[in-house]
There are 4 protein chains.
Amino acid sequence: MILVLRPDATEPQIEHIIQRIGELGFTPHVSRGEQRTIVGVIGDERKPQAENFSAIPGVEQVLRVLKPFKLASREFRKEDSVVTVGKVRIGGGHLAMIAGPCAVESLEGLDTIAGHVKKAGANILRGGAFKPRTSPYAFQGMGEDGLKILRDVGDKHDMPVVTEVMDPRQVPLVEQWADMFQVGARNMQNFDLLKEIGQTRKPVLLKRGMSATVKDLLMSAEYVLAGGNQQVVLCERGVRSFEDSTRNMLDMSAVPNVKGQSHLPIIVDPSHATGRPDLIPSMAKASIAAGADGVHVEVHDCPEKAFSDGPQALLPPQFATLMDDIRKLAAVMNVDIDA
Amino acid sequence: MILVLRPDATEPQIEHIIQRIGELGFTPHVSRGEQRTIVGVIGDERKPQAENFSAIPGVEQVLRVLKPFKLASREFRKEDSVVTVGKVRIGGGHLAMIAGPCAVESLEGLDTIAGHVKKAGANILRGGAFKPRTSPYAFQGMGEDGLKILRDVGDKHDMPVVTEVMDPRQVPLVEQWADMFQVGARNMQNFDLLKEIGQTRKPVLLKRGMSATVKDLLMSAEYVLAGGNQQVVLCERGVRSFEDSTRNMLDMSAVPNVKGQSHLPIIVDPSHATGRPDLIPSMAKASIAAGADGVHVEVHDCPEKAFSDGPQALLPPQFATLMDDIRKLAAVMNVDIDA
Amino acid sequence: MILVLRPDATEPQIEHIIQRIGELGFTPHVSRGEQRTIVGVIGDERKPQAENFSAIPGVEQVLRVLKPFKLASREFRKEDSVVTVGKVRIGGGHLAMIAGPCAVESLEGLDTIAGHVKKAGANILRGGAFKPRTSPYAFQGMGEDGLKILRDVGDKHDMPVVTEVMDPRQVPLVEQWADMFQVGARNMQNFDLLKEIGQTRKPVLLKRGMSATVKDLLMSAEYVLAGGNQQVVLCERGVRSFEDSTRNMLDMSAVPNVKGQSHLPIIVDPSHATGRPDLIPSMAKASIAAGADGVHVEVHDCPEKAFSDGPQALLPPQFATLMDDIRKLAAVMNVDIDA
Amino acid sequence: MILVLRPDATEPQIEHIIQRIGELGFTPHVSRGEQRTIVGVIGDERKPQAENFSAIPGVEQVLRVLKPFKLASREFRKEDSVVTVGKVRIGGGHLAMIAGPCAVESLEGLDTIAGHVKKAGANILRGGAFKPRTSPYAFQGMGEDGLKILRDVGDKHDMPVVTEVMDPRQVPLVEQWADMFQVGARNMQNFDLLKEIGQTRKPVLLKRGMSATVKDLLMSAEYVLAGGNQQVVLCERGVRSFEDSTRNMLDMSAVPNVKGQSHLPIIVDPSHATGRPDLIPSMAKASIAAGADGVHVEVHDCPEKAFSDGPQALLPPQFATLMDDIRKLAAVMNVDIDA
């Protein structure tokens, strides 16, 4: 950590700063330049005591040298992590193809969609039982009944299943029925939920918050990892922006950006990122070319009758065409897709 | 709700759209223009069934006519709501002056700060016992012990107290010790938490999420109101932006924007919005001139030793000067401050 | 256009609105709903007279039905436009591979880089002679001398050349020496410059502004097209966002988003979008998979000695590897690259 | 400037970095920490040669210590600058009250509006003759005829006049007729225009770009100052954001933020910032309480017939009420308004 002092910092202020650095267990290293005095702070800047240096009188800026996450970093683990959901590997050259409806609506409905996506080549089935809805008057999900349907349909089609968990109190229930937790964008910084999931040993799909930086996303992953659960898959799903013709703005560069800093797999959700079926296939393909470890796509056989987010779902034949294209790109990119 | 059809929408598609509108309990009203056919949908567009019109083939855009919130709207209640915390009124011409440290750190520490802010004119004491921290390695708050200290110090200085609740499981505990819940920006769309608070009858300070629109904020308030709890105070605390010299961007226009659409009180938190003590006083004053129902300011007697967010706290004498200025502005604005 | 009236709109207001619509040459179509009265306005909503409907008392919202651009729209022209720069086709299945240094620095320097990028497979040479720099103290470009060098080097390597024009007064000079104008992000809404270029018949590479929506970009293209110049190629180069680890946020979905609405070609500039050489190759590849009509990549043989933007340039061998990868993706995507 | 090296930086890389720093005329200062080697670079980091340090192999981050602007900085000039437009002082405790229609539309029209705003207490008259319009089909302004009308009406009502200049070629013409140039948000980084204005000695109102940081705004002011023109007044007018209920997001904290770093006056334009007459008065008042040196408000006596931006204009009586409120706040804030 480096402290840049104010041009008018006084000698007593500088002495106080040096003393304070020592008190907190760090070593100061003063350098007096023409225009500014600069104080290097030697020691682990991730310690909580390092937080308030900028509040010491005379300090103008605090420049951090290290990344604030540890367990999620490439420095901690050089090789790509591979997360296994059921028999499906994600990361290290293996793509997740997660597909299904936004919400579980009925056994028959899910069964039909699962049949379509399995046949097209999806390897993980998704479907929401607990739904985070902006409006209290919107459909809130089938709850436990939805979880059981998801389990049954997944088993029937031999697909592992992923579903959202919104509340720390739901963790044991979701853990019982699903193969992978999903933490949605709105809960990326629901730290109590992350801690609870960190206590389990079940994989989690952690979606980026709507205004989270890549660093914030990795810090949220760090919460789960710090709890002892190493099975974290990240998901870019678009962020809020001024562009009003898409639901969110897909930050495609987050894929190589994460991969450079972290060993964790990262997939892309073009359905929520764009909110527009006409843009989803090209964004899914671009994700694979960008090096993503998979995609997450909403598919519904009758979007106009879906209970939520129908307008952003692909139809089964559109999804099948997309899977054909993705297989060609996967060959070029030298990655494979577990059945 | 108005459906704008695609220029190439076919007659069978138009017929299907009209039929579907009827099936869902609405009345269609077709108007064929030169360039587009437009279908008005008569009925309550807030019904869940109205969600997926844009997924019907042939529909290009869905334009909504009504606001999606009801109980929070000015149309539902014309007069300003007044929320009472202890003996302190907020709204309808009465300002909340909420002050205190970011986190409760010790009985003595909080007592000292409370003495300062009470004397300066603050009327509600704040202090966090459960802290949402980006890093799992940062101070996470004193928990229940912190709640008890907050209660004791508030009672000693005759100030009602507000403190953050992060997890639905903490609601009964916080309800027991505090006079007002605070829901932080990261939890504005933690819907299970909002539902739990909606079941209580204790006031709640609901902070705007970092990328929430004003409409999103009002929809989150609607969750609490729909549960039966009418004691909601909103808080503008800045949103994420590209500007990198302040912690967030204070959206000052949210104050009159909310007041035009809703009867709920709204205050401003310039501490989190700017993250810079040099900007806090002028932003607090601007808030009062903008018509806010109060401010929320972090105060610490030794920011460099604070356990969290020290760099954004005012010193007690700075806060006292600010209160003097606010009283002058309150006189011009014709509003008062309960003791 | 559709006018949604306020719930409290009076009869005299409604009559005034109807009269005003007629005066401006449109036909009103009134529909009285349960909660709101709605007035359809039949006629060309792009007429300037349509601008101020929202200022008429009693009007709450104005909802636009049509896109505000004409000549740039898919409805105006169904097939993809193909723009030809020298012998190089852009659009309609033909990719532009634009490469070169940020700025022209010397004849020898540019010659060396041009040799590298030509050999690797680039088909258009770029280099700035007029540089828009945030600081008045930074290198501002070689001006006319730079244009001549660019022309000479382009001719020697048989590559057409593109260079930035910043000022309407520079248009004749740049027209004389270059094969394609570039309008930078900061000038996307420099309307006098766009009008001046609209009067020429030379191709233009129009970059998206840092906070421009896709619609804004197409409106700026409309300025050039309205002047009679049909040779417009759009360029996505990232927009401003809160993410602080990349220079801008690459909005990859702008590629299919533009292509759905417009017949104009669109390429991607991953150099300015990310500002990070470690992210450029994967973003260039993703662009091709997303359906872009090419990429624009900065290449320098000694970035640490570049006069501007060195840190975002690829080295020649990195560019050659990228071109190999792009050729494989182009084969899968069924597009070709003119030599 | 401080270079943070990569953890895997080799000794030859470090030697090369040190050598390169020397070659460019700076002095290196190496500090080897536990986790990173850090190299301080002593010398003026604003020199163009300092630009590409981050492109030297082995360098991970470049941290800048100094602000990139000089002439605009508080360090360069401690006291507030006062800019004089006609007889009206702006800055140093004197408020500009700039009012008028968006565009000059006719002599009679402007005369009427000028009479109203003068009587209410405005001290500078605004009106556009050259209009930057998103659409090429919208009203583009009256040009030179508009300038003459503006001059005549200003003289009649004894008010100095400000008007927008969009093109470097218009500078002599606008200089002839107006008392103050306005550079609009879209031209904040039109560097050729800034240079041309820098060569005059006429005051300029420089508006913040839609995605410009405060630092960017000050860098654009630096262009004018570096040309020798010291008469710069800055203007906050809102920035682009995800909030869709206002035209832009007013960044009120830019006012004290600029004033802390720069001696230049800054005013606020709540008309463009919000685009909503219902929000303009409270934002104008908040601006004064925030310490702004004035406001810029659009006023039109018949917004529904305005040629541009009618929907964001106040009516004359609304403006008169606002001026009454502003005078009360000015008294509290201890600032005055020249007649």
# chains A, B, ... in the order shown; residues from 1 in each chain; ligands from 1
$ interface_residues --of "chain A" --to "chain D" --cutoff "10 Å" --atoms "only C-alpha atoms" --output "VMD selection string"
chain A and resid 2 to 5 7 29 31 to 38 40 to 44 60 to 61 63 to 66 75 239 to 244 248
$ residues_around --residues "Glu175 of chain A" --least-positions-apart "2" --cutoff "12 Å" --atoms "only C-alpha atoms" --output "NGL selection string"
:A and (144 or 147-148 or 151 or 161-165 or 168-173 or 177-182 or 196-204)
$ select_by_dssp --residues "segment 252-283 of chain D" --states "alpha helix (DSSP H)" --output "number ranges by chain"
D: 254-261, 270-274, 280-283
$ write_last_selection --atoms "C-alpha atoms" --output "mmCIF file, in the first residue's frame"
data_model
loop_
_atom_site.group_PDB
_atom_site.id
_atom_site.type_symbol
_atom_site.label_atom_id
_atom_site.label_comp_id
_atom_site.auth_asym_id
_atom_site.auth_seq_id
_atom_site.Cartn_x
_atom_site.Cartn_y
_atom_site.Cartn_z
ATOM 1 C CA ALA D 254 -19.432 17.880 -8.888
ATOM 2 C CA VAL D 255 -19.933 21.386 -7.501
ATOM 3 C CA PRO D 256 -17.874 21.049 -4.303
ATOM 4 C CA ASN D 257 -15.670 18.480 -6.046
ATOM 5 C CA VAL D 258 -14.618 21.040 -8.676
ATOM 6 C CA LYS D 259 -14.317 23.831 -6.144
ATOM 7 C CA GLY D 260 -11.925 21.788 -4.028
ATOM 8 C CA GLN D 261 -9.596 21.115 -6.945
ATOM 9 C CA PRO D 270 -30.945 21.674 -14.010
ATOM 10 C CA SER D 271 -32.931 21.955 -17.259
ATOM 11 C CA HIS D 272 -30.759 19.619 -19.309
ATOM 12 C CA ALA D 273 -29.796 17.585 -16.260
ATOM 13 C CA THR D 274 -33.345 16.517 -15.498
ATOM 14 C CA ILE D 280 -35.952 21.937 -12.117
ATOM 15 C CA PRO D 281 -36.832 24.345 -9.280
ATOM 16 C CA SER D 282 -35.752 22.047 -6.474
ATOM 17 C CA MET D 283 -32.526 21.198 -8.293
#
$ residues_around --residues "Ile124 of chain A" --least-positions-apart "2" --cutoff "7 Å" --atoms "only C-alpha atoms" --output "list in words"
Met97, Ile98, Ala99, Ala122, Arg126, Met159, Pro160 and Val161 of chain A
$ residues_around --residues "Gly58 of chain A" --least-positions-apart "5" --cutoff "10 Å" --atoms "only C-alpha atoms" --output "PyMOL selection string"
chain A and resi 3-14+16-17
$ write_last_selection --atoms "all heavy atoms" --output "JSON list (two decimals), in the first residue's frame"
[["chain", "number", "residue", "atom", "x", "y", "z"],
["A", 3, "LEU", "N", 0.90, 5.48, 0.52],
["A", 3, "LEU", "CA", 0.17, 6.66, 0.93],
["A", 3, "LEU", "C", 0.77, 7.87, 0.23],
["A", 3, "LEU", "O", 1.98, 8.12, 0.35],
["A", 3, "LEU", "CB", 0.26, 6.87, 2.45],
["A", 3, "LEU", "CG", -0.06, 5.66, 3.34],
["A", 3, "LEU", "CD1", -0.03, 6.07, 4.82],
["A", 3, "LEU", "CD2", -1.41, 5.07, 2.97],
["A", 4, "VAL", "N", -0.03, 8.61, -0.51],
["A", 4, "VAL", "CA", 0.42, 9.86, -1.11],
["A", 4, "VAL", "C", -0.04, 10.97, -0.18],
["A", 4, "VAL", "O", -1.23, 11.08, 0.12],
["A", 4, "VAL", "CB", -0.20, 10.06, -2.51],
["A", 4, "VAL", "CG1", 0.26, 11.38, -3.12],
["A", 4, "VAL", "CG2", 0.15, 8.89, -3.41],
["A", 5, "LEU", "N", 0.90, 11.77, 0.32],
["A", 5, "LEU", "CA", 0.52, 12.81, 1.28],
["A", 5, "LEU", "C", 0.09, 14.08, 0.56],
["A", 5, "LEU", "O", 0.42, 14.31, -0.61],
["A", 5, "LEU", "CB", 1.68, 13.09, 2.24],
["A", 5, "LEU", "CG", 2.24, 11.86, 2.97],
["A", 5, "LEU", "CD1", 3.09, 12.29, 4.16],
["A", 5, "LEU", "CD2", 1.12, 10.93, 3.45],
["A", 6, "ARG", "N", -0.65, 14.91, 1.26],
["A", 6, "ARG", "CA", -1.08, 16.19, 0.71],
["A", 6, "ARG", "C", 0.13, 17.10, 0.55],
["A", 6, "ARG", "O", 1.09, 17.00, 1.31],
["A", 6, "ARG", "CB", -2.07, 16.86, 1.67],
["A", 6, "ARG", "CG", -3.36, 16.07, 1.86],
["A", 6, "ARG", "CD", -4.20, 16.65, 3.00],
["A", 6, "ARG", "NE", -4.39, 18.07, 2.81],
["A", 6, "ARG", "CZ", -5.44, 18.62, 2.17],
["A", 6, "ARG", "NH1", -6.40, 17.83, 1.71],
["A", 6, "ARG", "NH2", -5.53, 19.91, 2.01],
["A", 7, "PRO", "N", 0.08, 18.03, -0.42],
["A", 7, "PRO", "CA", 1.24, 18.91, -0.60],
["A", 7, "PRO", "C", 1.51, 19.75, 0.65],
["A", 7, "PRO", "O", 2.66, 20.11, 0.92],
["A", 7, "PRO", "CB", 0.85, 19.80, -1.78],
["A", 7, "PRO", "CG", -0.61, 19.60, -2.01],
["A", 7, "PRO", "CD", -0.97, 18.28, -1.41],
["A", 8, "ASP", "N", 0.47, 20.01, 1.43],
["A", 8, "ASP", "CA", 0.65, 20.84, 2.62],
["A", 8, "ASP", "C", 0.77, 20.01, 3.91],
["A", 8, "ASP", "O", 0.58, 20.54, 5.01],
["A", 8, "ASP", "CB", -0.51, 21.84, 2.73],
["A", 8, "ASP", "CG", -1.88, 21.14, 2.78],
["A", 8, "ASP", "OD1", -1.92, 19.88, 2.75],
["A", 8, "ASP", "OD2", -2.90, 21.84, 2.83],
["A", 9, "ALA", "N", 1.07, 18.72, 3.78],
["A", 9, "ALA", "CA", 1.21, 17.88, 4.98],
["A", 9, "ALA", "C", 2.36, 18.42, 5.83],
["A", 9, "ALA", "O", 3.45, 18.70, 5.33],
["A", 9, "ALA", "CB", 1.47, 16.43, 4.59],
["A", 10, "THR", "N", 2.10, 18.56, 7.15],
["A", 10, "THR", "CA", 3.13, 19.13, 8.05],
["A", 10, "THR", "C", 4.03, 18.03, 8.60],
["A", 10, "THR", "O", 3.67, 16.84, 8.57],
["A", 10, "THR", "CB", 2.45, 19.83, 9.24],
["A", 10, "THR", "OG1", 1.70, 18.84, 9.96],
["A", 10, "THR", "CG2", 1.50, 20.92, 8.76],
["A", 11, "GLU", "N", 5.15, 18.42, 9.15],
["A", 11, "GLU", "CA", 6.06, 17.45, 9.75],
["A", 11, "GLU", "C", 5.39, 16.66, 10.87],
["A", 11, "GLU", "O", 5.50, 15.43, 10.91],
["A", 11, "GLU", "CB", 7.33, 18.13, 10.25],
["A", 11, "GLU", "CG", 8.40, 18.32, 9.17],
["A", 11, "GLU", "CD", 8.74, 17.02, 8.42],
["A", 11, "GLU", "OE1", 8.91, 15.96, 9.07],
["A", 11, "GLU", "OE2", 8.80, 17.07, 7.17],
["A", 12, "PRO", "N", 4.66, 17.32, 11.80],
["A", 12, "PRO", "CA", 3.98, 16.53, 12.84],
["A", 12, "PRO", "C", 2.99, 15.53, 12.24],
["A", 12, "PRO", "O", 2.84, 14.41, 12.74],
["A", 12, "PRO", "CB", 3.26, 17.60, 13.68],
["A", 12, "PRO", "CG", 4.00, 18.87, 13.41],
["A", 12, "PRO", "CD", 4.56, 18.77, 12.02],
["A", 13, "GLN", "N", 2.31, 15.92, 11.15],
["A", 13, "GLN", "CA", 1.40, 14.98, 10.51],
["A", 13, "GLN", "C", 2.17, 13.77, 9.97],
["A", 13, "GLN", "O", 1.76, 12.62, 10.14],
["A", 13, "GLN", "CB", 0.63, 15.66, 9.36],
["A", 13, "GLN", "CG", -0.50, 16.57, 9.85],
["A", 13, "GLN", "CD", -1.25, 17.23, 8.71],
["A", 13, "GLN", "OE1", -0.70, 17.45, 7.63],
["A", 13, "GLN", "NE2", -2.51, 17.56, 8.93],
["A", 14, "ILE", "N", 3.29, 14.06, 9.32],
["A", 14, "ILE", "CA", 4.08, 12.96, 8.75],
["A", 14, "ILE", "C", 4.56, 12.03, 9.87],
["A", 14, "ILE", "O", 4.48, 10.80, 9.75],
["A", 14, "ILE", "CB", 5.26, 13.51, 7.92],
["A", 14, "ILE", "CG1", 4.71, 14.32, 6.73],
["A", 14, "ILE", "CG2", 6.17, 12.39, 7.43],
["A", 14, "ILE", "CD1", 5.77, 15.02, 5.89],
["A", 16, "HIS", "N", 3.11, 11.53, 12.73],
["A", 16, "HIS", "CA", 1.96, 10.78, 13.22],
["A", 16, "HIS", "C", 1.63, 9.62, 12.28],
["A", 16, "HIS", "O", 1.31, 8.51, 12.72],
["A", 16, "HIS", "CB", 0.76, 11.73, 13.36],
["A", 16, "HIS", "CG", -0.52, 11.03, 13.72],
["A", 16, "HIS", "ND1", -0.74, 10.41, 14.92],
["A", 16, "HIS", "CD2", -1.64, 10.80, 12.98],
["A", 16, "HIS", "CE1", -1.94, 9.86, 14.93],
["A", 16, "HIS", "NE2", -2.51, 10.07, 13.77],
["A", 17, "ILE", "N", 1.71, 9.87, 10.99],
["A", 17, "ILE", "CA", 1.43, 8.82, 10.02],
["A", 17, "ILE", "C", 2.40, 7.66, 10.19],
["A", 17, "ILE", "O", 2.01, 6.48, 10.24],
["A", 17, "ILE", "CB", 1.51, 9.40, 8.58],
["A", 17, "ILE", "CG1", 0.34, 10.37, 8.33],
["A", 17, "ILE", "CG2", 1.51, 8.28, 7.53],
["A", 17, "ILE", "CD1", 0.54, 11.27, 7.12]]
$ atom_distance --atom1 "atom CA of Ser135 of chain D" --atom2 "atom CA of Ser211 of chain C"
16.6 Å
$ select_by_dssp --residues "segment 295-331 of chain C" --states "strand (DSSP E or B)" --output "list in words"
Val295, His296, Val297, Glu298, Val299 and Leu314 of chain C
$ write_last_selection --atoms "N, CA, C and O atoms" --output "PDB file, in the first residue's frame"
ATOM      1  N   VAL C 295     -12.598  -6.188 -37.505  1.00  0.00           N
ATOM      2  CA  VAL C 295     -12.055  -5.627 -36.268  1.00  0.00           C
ATOM      3  C   VAL C 295     -11.031  -4.551 -36.601  1.00  0.00           C
ATOM      4  O   VAL C 295     -10.557  -4.450 -37.730  1.00  0.00           O
ATOM      5  N   HIS C 296     -10.735  -3.770 -35.602  1.00  0.00           N
ATOM      6  CA  HIS C 296      -9.806  -2.635 -35.705  1.00  0.00           C
ATOM      7  C   HIS C 296      -8.862  -2.798 -34.523  1.00  0.00           C
ATOM      8  O   HIS C 296      -9.284  -2.694 -33.366  1.00  0.00           O
ATOM      9  N   VAL C 297      -7.604  -3.098 -34.799  1.00  0.00           N
ATOM     10  CA  VAL C 297      -6.672  -3.451 -33.734  1.00  0.00           C
ATOM     11  C   VAL C 297      -5.404  -2.607 -33.837  1.00  0.00           C
ATOM     12  O   VAL C 297      -4.827  -2.472 -34.913  1.00  0.00           O
ATOM     13  N   GLU C 298      -4.997  -2.060 -32.702  1.00  0.00           N
ATOM     14  CA  GLU C 298      -3.740  -1.308 -32.715  1.00  0.00           C
ATOM     15  C   GLU C 298      -2.563  -2.258 -32.552  1.00  0.00           C
ATOM     16  O   GLU C 298      -2.576  -3.147 -31.700  1.00  0.00           O
ATOM     17  N   VAL C 299      -1.557  -2.045 -33.399  1.00  0.00           N
ATOM     18  CA  VAL C 299      -0.355  -2.882 -33.385  1.00  0.00           C
ATOM     19  C   VAL C 299       0.846  -1.946 -33.370  1.00  0.00           C
ATOM     20  O   VAL C 299       0.878  -0.949 -34.095  1.00  0.00           O
ATOM     21  N   LEU C 314      -1.069  -4.402 -29.559  1.00  0.00           N
ATOM     22  CA  LEU C 314      -0.509  -5.752 -29.647  1.00  0.00           C
ATOM     23  C   LEU C 314       0.872  -5.671 -30.312  1.00  0.00           C
ATOM     24  O   LEU C 314       1.123  -4.788 -31.137  1.00  0.00           O
TER      25      LEU C 314
END
$ atom_distance --atom1 "atom CA of Leu125 of chain A" --atom2 "atom CA of Met210 of chain A"
23.9 Å
